[in-house]
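Here the structure is laid out as structure tokens; the discussion comes afterwards.
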Amino acid sequence: MSFTSYLIYFLEGYTALVVAFYMLSFVVPKAAFAARTLAAYVALLVCASYGALASIVLRILGRQQIAQWTTGRAFKYLMIATTGITFEVIDPKRHLETVRPAVFIGNHQTELDVLMLGCMFPKYCSVTAKKVLKNVPFLGWFMSLSGTVFIDRKNSKTARDAMAGAASEMHRRKQSVYMFPEGTRSYTKEPDLLPFKKGAFHLAVQAGVPIVPVVVANYSHVLYIKDFVFTSGKIPVKVLDPIPTTGLTAEDVDELTRSTRELMLKELVALTEKARNKPIAMPATKGDGVVRASGVDTTL
């Protein structure tokens, strides 16, 4: 039996399993969690494979810079078809189209943020990622081929060199980057932000490019892993005005990080209030919400 036959049988069986879980969810609501999880994983696998091939073709054509954008859009449409989930991008001033290069930053909630990127990711932009992801089949291949900036968090010199290289590439290719300053997923049920690491802000100051905050409403009503909640829905994402960094130095990074986090937290609460149609209290913040540490943590 050929590889193609095995692949067809696998996809048929996988599709039948997903449909069975969706059918079961009418009786056992939590079965929808399994159905959408399975659907999301196969969608990610398909789009990562497509992205790897698209990156090769686009590199040959000299258009590598749009590889992550085109793959993200494919993931967007496949996910809405298979899970019923999408993100509604609110960008009335069209910053995603007109501000370039820039350091785009956003709050990081769950694995579903990959879909958020698929829905809002601008052209001529790449992500930064942990170096360990480079070796993940399909996803890692796609990220490597499409120009992802990989950061080794265990090696501060390597991390700083990567960031310096990213700053240089941003100017040379007019390439933006997207970063999550929280550094990890928060998995919060209510709107809140983890303390921000300063790497994105150091990068923006070093490159002399604006910071563009992107705020995603808390979506625990759509995905909350602890309670096995995974439902369809439309989640709002708002692009805020660019924050200029011209004339700033490394000494200004702490205040820039603190004020940006405060701005994003206020917008996060307001956006979630609008999405849920009910008032939400502003969460308390310990300290100023900025990570202060030695070595690599100061740059990521």
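We name chains A, B, ... following the order of the structure tokens; residues begin at 1 in each chain, and ligands are numbered from 1 as shown.
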Find the spatial neighbours of Arg73 in chain A, counting only C-alpha atoms, within a cut-off of 12 Å - ignore same-chain residues fewer than 6 positions away - and output them as a PDB file with C-alpha atoms, in the first residue's frame.
ATOM      1  CA  LEU A  44      -2.081  23.297  12.335  1.00  0.00           C
ATOM      2  CA  CYS A  47      -0.996  24.658   7.423  1.00  0.00           C
ATOM      3  CA  ALA A  48       2.544  24.109   8.737  1.00  0.00           C
ATOM      4  CA  TYR A  50       1.679  24.186   3.413  1.00  0.00           C
ATOM      5  CA  GLY A  51       3.772  26.935   5.000  1.00  0.00           C
ATOM      6  CA  ILE A  66       5.212  37.230   3.259  1.00  0.00           C
ATOM      7  CA  ALA A  67       5.529  33.496   4.017  1.00  0.00           C
ATOM      8  CA  MET A  79      -9.878  27.013  11.622  1.00  0.00           C
ATOM      9  CA  ILE A  80     -13.116  28.910  11.113  1.00  0.00           C
ATOM     10  CA  THR A  86     -12.035  33.385  14.595  1.00  0.00           C
ATOM     11  CA  PHE A  87     -10.604  36.697  15.782  1.00  0.00           C
ATOM     12  CA  VAL A 114      -1.511  30.984  16.969  1.00  0.00           C
ATOM     13  CA  LEU A 115      -4.915  31.501  15.355  1.00  0.00           C
ATOM     14  CA  MET A 116      -4.963  35.106  16.550  1.00  0.00           C
ATOM     15  CA  LEU A 117      -1.709  35.653  14.668  1.00  0.00           C
ATOM     16  CA  GLY A 118      -3.228  33.992  11.617  1.00  0.00           C
ATOM     17  CA  CYS A 119      -6.095  36.465  11.667  1.00  0.00           C
ATOM     18  CA  MET A 120      -4.157  39.705  12.288  1.00  0.00           C
ATOM     19  CA  PHE A 121      -0.579  39.035  11.168  1.00  0.00           C
ATOM     20  CA  PRO A 122       0.627  41.840   8.875  1.00  0.00           C
ATOM     21  CA  LYS A 123       2.645  41.335   5.722  1.00  0.00           C
TER      22      LYS A 123
END
Give me the range 80-117 of chain A side of the contact with range 242-250 of chain A, cut-off 10 Å, one line per residue showing its nearest atom pair and distance in Å at one decimal, counting only C-alpha atoms, sorted by chain and residue number, as CSV.
residue,atom,partner,partner_atom,distance
A:His95,CA,A:Pro242,CA,7.7
A:Val99,CA,A:Pro242,CA,8.0
A:Ala102,CA,A:Pro242,CA,8.5
A:Val103,CA,A:Pro242,CA,9.3
A:Phe104,CA,A:Pro242,CA,9.0
Selected residues, all heavy atoms, written as a tab-separated table (two decimals), in the first residue's frame, please.
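For reference, selection08.tsv as written:
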chain	number	residue	atom	x	y	z
A	95	HIS	N	-3.09	50.49	11.08
A	95	HIS	CA	-1.68	50.43	11.50
A	95	HIS	C	-0.99	49.16	10.99
A	95	HIS	O	0.21	49.18	10.70
A	95	HIS	CB	-1.57	50.50	13.02
A	95	HIS	CG	-2.02	51.80	13.61
A	95	HIS	ND1	-1.64	53.02	13.08
A	95	HIS	CD2	-2.81	52.08	14.69
A	95	HIS	CE1	-2.18	53.99	13.80
A	95	HIS	NE2	-2.88	53.44	14.77
A	99	VAL	N	2.25	50.82	9.20
A	99	VAL	CA	3.41	51.00	10.08
A	99	VAL	C	4.42	49.88	9.84
A	99	VAL	O	4.16	48.72	10.14
A	99	VAL	CB	2.98	51.03	11.57
A	99	VAL	CG1	4.20	51.26	12.45
A	99	VAL	CG2	1.94	52.10	11.81
A	102	ALA	N	8.21	47.73	12.49
A	102	ALA	CA	7.77	48.00	13.86
A	102	ALA	C	7.94	46.74	14.69
A	102	ALA	O	8.11	45.64	14.15
A	102	ALA	CB	6.31	48.45	13.87
A	103	VAL	N	7.89	46.91	16.00
A	103	VAL	CA	7.83	45.78	16.92
A	103	VAL	C	6.39	45.68	17.40
A	103	VAL	O	5.93	46.54	18.16
A	103	VAL	CB	8.80	45.94	18.11
A	103	VAL	CG1	8.60	44.79	19.10
A	103	VAL	CG2	10.24	45.97	17.63
A	104	PHE	N	5.66	44.70	16.90
A	104	PHE	CA	4.30	44.45	17.36
A	104	PHE	C	4.36	43.57	18.61
A	104	PHE	O	5.10	42.59	18.65
A	104	PHE	CB	3.48	43.74	16.27
A	104	PHE	CG	3.21	44.58	15.06
A	104	PHE	CD1	4.10	44.62	13.99
A	104	PHE	CD2	2.06	45.35	14.99
A	104	PHE	CE1	3.86	45.40	12.87
A	104	PHE	CE2	1.80	46.14	13.86
A	104	PHE	CZ	2.70	46.16	12.81
Discussion item. Can you tell me, as an NGL selection string, which residues in range 50-196 of chain A count as helix (DSSP H, G or I) by DSSP?
Written reply: :A and (50-60 or 64-82 or 95-98 or 113-120 or 131-135 or 139-145 or 156-173)
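Distances to Arg100 in chain A were evaluated for A:Ala32, A:Phe138, A:Gln175, A:Ile151 using only C-alpha atoms, and the minimum falls at A:Gln175.
Closest approach to Arg276 in chain A among A:Phe201, A:Tyr219, A:Phe230, A:Trp141: A:Tyr219, based on only C-alpha atoms.
When only C-alpha atoms are used to measure the gap to Ala43 in chain A, the shortest distance among A:Ile211, A:Leu11, A:Leu78, A:Val18 belongs to A:Leu78.
The closest residue to Leu133 in chain A, picked from A:Met170, A:Val149, A:Ala281, A:Ile90 and counting only C-alpha atoms, is A:Val149.
Counting only C-alpha atoms and comparing A:Thr83, A:Gln109, A:Asn277, A:Thr98, the residue that lies closest to Arg36 in chain A is A:Thr83.
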Worksheet item: Got a sec: who's within 12 Å of Thr82 in chain A, counting only C-alpha atoms, leaving out chain neighbours fewer than 6 positions off, as a ChimeraX atom specification?
Response: /A:15,18-19,22,32,35-44,75-76,231-232
Take the residues from that selection and write them out as a short mmCIF file (atom, residue, chain, number, x, y, z; two decimals), in the first residue's frame, keeping all heavy atoms.
data_model
loop_
_atom_site.label_atom_id
_atom_site.label_comp_id
_atom_site.auth_asym_id
_atom_site.auth_seq_id
_atom_site.Cartn_x
_atom_site.Cartn_y
_atom_site.Cartn_z
N THR A 15 -11.05 12.44 10.40
CA THR A 15 -12.25 13.25 10.17
C THR A 15 -13.47 12.61 10.81
O THR A 15 -14.30 13.29 11.44
CB THR A 15 -12.49 13.43 8.66
OG1 THR A 15 -11.35 14.06 8.07
CG2 THR A 15 -13.73 14.28 8.41
N VAL A 18 -13.37 13.22 14.56
CA VAL A 18 -13.75 14.60 14.90
C VAL A 18 -15.26 14.79 14.80
O VAL A 18 -15.90 15.36 15.69
CB VAL A 18 -13.02 15.61 13.97
CG1 VAL A 18 -13.58 17.02 14.19
CG2 VAL A 18 -11.52 15.58 14.25
N VAL A 19 -15.84 14.29 13.71
CA VAL A 19 -17.30 14.40 13.53
C VAL A 19 -18.04 13.66 14.63
O VAL A 19 -19.06 14.15 15.16
CB VAL A 19 -17.71 13.85 12.14
CG1 VAL A 19 -19.22 13.76 12.03
CG2 VAL A 19 -17.13 14.73 11.04
N TYR A 22 -18.03 15.78 17.69
CA TYR A 22 -18.97 16.89 17.52
C TYR A 22 -20.41 16.41 17.73
O TYR A 22 -21.22 17.09 18.37
CB TYR A 22 -18.83 17.52 16.14
CG TYR A 22 -17.80 18.63 16.06
CD1 TYR A 22 -16.80 18.62 15.09
CD2 TYR A 22 -17.82 19.70 16.95
CE1 TYR A 22 -15.85 19.63 15.00
CE2 TYR A 22 -16.88 20.71 16.87
CZ TYR A 22 -15.90 20.67 15.90
OH TYR A 22 -14.97 21.68 15.82
N ALA A 32 -17.12 18.50 22.92
CA ALA A 32 -16.73 19.54 21.96
C ALA A 32 -15.27 19.94 22.16
O ALA A 32 -14.60 20.36 21.22
CB ALA A 32 -17.64 20.76 22.12
N ALA A 35 -13.33 17.45 20.21
CA ALA A 35 -13.54 17.63 18.77
C ALA A 35 -12.72 18.81 18.24
O ALA A 35 -12.02 18.68 17.23
CB ALA A 35 -15.03 17.86 18.49
N ARG A 36 -12.80 19.94 18.92
CA ARG A 36 -12.09 21.14 18.43
C ARG A 36 -10.58 21.01 18.63
O ARG A 36 -9.81 21.55 17.83
CB ARG A 36 -12.63 22.39 19.12
CG ARG A 36 -14.01 22.79 18.63
CD ARG A 36 -14.46 24.16 19.09
NE ARG A 36 -15.71 24.52 18.42
CZ ARG A 36 -16.92 24.16 18.86
NH1 ARG A 36 -17.04 23.45 19.98
NH2 ARG A 36 -18.00 24.49 18.18
N THR A 37 -10.16 20.32 19.67
CA THR A 37 -8.73 20.10 19.87
C THR A 37 -8.15 19.27 18.73
O THR A 37 -7.11 19.61 18.15
CB THR A 37 -8.46 19.40 21.22
OG1 THR A 37 -8.94 20.23 22.29
CG2 THR A 37 -6.97 19.14 21.41
N LEU A 38 -8.83 18.19 18.39
CA LEU A 38 -8.38 17.34 17.27
C LEU A 38 -8.41 18.11 15.95
O LEU A 38 -7.48 18.01 15.15
CB LEU A 38 -9.26 16.10 17.18
CG LEU A 38 -9.12 15.08 18.32
CD1 LEU A 38 -10.22 14.01 18.22
CD2 LEU A 38 -7.74 14.42 18.28
N ALA A 39 -9.47 18.88 15.75
CA ALA A 39 -9.59 19.65 14.51
C ALA A 39 -8.49 20.70 14.42
O ALA A 39 -7.90 20.93 13.35
CB ALA A 39 -10.96 20.32 14.44
N ALA A 40 -8.18 21.34 15.55
CA ALA A 40 -7.16 22.39 15.56
C ALA A 40 -5.77 21.81 15.27
O ALA A 40 -4.98 22.41 14.53
CB ALA A 40 -7.16 23.10 16.91
N TYR A 41 -5.47 20.64 15.84
CA TYR A 41 -4.16 20.04 15.62
C TYR A 41 -3.95 19.65 14.16
O TYR A 41 -2.87 19.86 13.59
CB TYR A 41 -3.97 18.82 16.53
CG TYR A 41 -3.45 19.18 17.90
CD1 TYR A 41 -4.16 18.82 19.04
CD2 TYR A 41 -2.26 19.87 18.06
CE1 TYR A 41 -3.70 19.16 20.31
CE2 TYR A 41 -1.79 20.21 19.31
CZ TYR A 41 -2.50 19.86 20.44
OH TYR A 41 -2.04 20.19 21.68
N VAL A 42 -4.97 19.07 13.54
CA VAL A 42 -4.79 18.67 12.14
C VAL A 42 -4.73 19.91 11.25
O VAL A 42 -4.00 19.93 10.26
CB VAL A 42 -5.90 17.69 11.69
CG1 VAL A 42 -7.21 18.42 11.44
CG2 VAL A 42 -5.46 16.91 10.46
N ALA A 43 -5.48 20.96 11.61
CA ALA A 43 -5.42 22.21 10.85
C ALA A 43 -4.02 22.81 10.94
O ALA A 43 -3.46 23.31 9.95
CB ALA A 43 -6.46 23.19 11.36
N LEU A 44 -3.43 22.77 12.15
CA LEU A 44 -2.08 23.30 12.33
C LEU A 44 -1.06 22.49 11.53
O LEU A 44 -0.16 23.05 10.90
CB LEU A 44 -1.72 23.27 13.82
CG LEU A 44 -0.36 23.87 14.20
CD1 LEU A 44 -0.30 25.35 13.85
CD2 LEU A 44 -0.09 23.66 15.69
N PHE A 75 -4.40 29.31 7.82
CA PHE A 75 -4.81 28.75 9.11
C PHE A 75 -6.11 29.40 9.60
O PHE A 75 -6.99 28.73 10.15
CB PHE A 75 -3.70 28.93 10.13
CG PHE A 75 -3.93 28.20 11.43
CD1 PHE A 75 -4.16 26.84 11.45
CD2 PHE A 75 -3.88 28.89 12.64
CE1 PHE A 75 -4.36 26.16 12.65
CE2 PHE A 75 -4.08 28.23 13.84
CZ PHE A 75 -4.32 26.86 13.84
N LYS A 76 -6.23 30.69 9.37
CA LYS A 76 -7.44 31.42 9.76
C LYS A 76 -8.68 30.81 9.13
O LYS A 76 -9.66 30.50 9.83
CB LYS A 76 -7.31 32.89 9.34
CG LYS A 76 -8.61 33.68 9.41
CD LYS A 76 -8.44 35.06 8.80
CE LYS A 76 -9.80 35.79 8.73
NZ LYS A 76 -9.64 37.17 8.14
N THR A 231 -15.27 26.25 22.75
CA THR A 231 -16.47 26.49 21.98
C THR A 231 -16.18 27.41 20.80
O THR A 231 -15.10 28.00 20.70
CB THR A 231 -17.57 27.13 22.85
OG1 THR A 231 -17.14 28.45 23.27
CG2 THR A 231 -17.84 26.29 24.09
N SER A 232 -17.14 27.53 19.91
CA SER A 232 -16.99 28.44 18.78
C SER A 232 -17.20 29.88 19.26
O SER A 232 -17.78 30.12 20.32
CB SER A 232 -18.00 28.10 17.69
OG SER A 232 -19.32 28.22 18.19
#
Worksheet entry | Shell around Glu273 in chain A at 12 Å using only C-alpha atoms, local window under 5 positions removed, as a list in words | Glu190, Pro191, Val216, Ala217, Asn218, Tyr219, Pro236, Lys266, Glu267, Leu268, Lys278, Pro279, Ile280, Ala281 and Met282 of chain A
Worksheet, complete the sentence: A straight line from CA of Ala34 in chain A to CA of Tyr224 in chain A spans 12.7 Å
Item to complete: Name the residues of range 21-264 of chain A that come out as strand (DSSP E or B) in a backbone DSSP run; write them as a ChimeraX atom specification.
Response: /A:85-90,103-106,125-130,149-151,176-179,196,211-216,223-224,229-230,233-239,243
Could you pull the residues within 12 Å of range 57-63 of chain A, counting only C-alpha atoms, minus those fewer than 6 positions along the same chain, as a PDB file with C-alpha atoms, in the first residue's frame?
ATOM      1  CA  TYR A  50       1.679  24.186   3.413  1.00  0.00           C
ATOM      2  CA  GLY A  51       3.772  26.935   5.000  1.00  0.00           C
ATOM      3  CA  TRP A  69       1.407  36.074   6.480  1.00  0.00           C
ATOM      4  CA  THR A  70       0.113  33.721   3.773  1.00  0.00           C
ATOM      5  CA  THR A  71       0.383  30.678   6.064  1.00  0.00           C
ATOM      6  CA  LYS A 123       2.645  41.335   5.722  1.00  0.00           C
ATOM      7  CA  TYR A 124       6.424  41.688   5.992  1.00  0.00           C
ATOM      8  CA  CYS A 125       6.466  40.531   9.591  1.00  0.00           C
ATOM      9  CA  SER A 144      12.962  28.084   9.949  1.00  0.00           C
ATOM     10  CA  LEU A 145      12.162  28.495   6.251  1.00  0.00           C
ATOM     11  CA  SER A 146       9.955  31.558   6.771  1.00  0.00           C
ATOM     12  CA  GLY A 147      12.470  33.712   8.639  1.00  0.00           C
ATOM     13  CA  ARG A 173      14.576  44.404   4.874  1.00  0.00           C
ATOM     14  CA  GLN A 175      10.792  43.704   8.309  1.00  0.00           C
TER      15      GLN A 175
END
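For the atom pair formed by CA of Glu182 in chain A and CA of Lys197 in chain A, the distance is 6.0 Å, given to one decimal.
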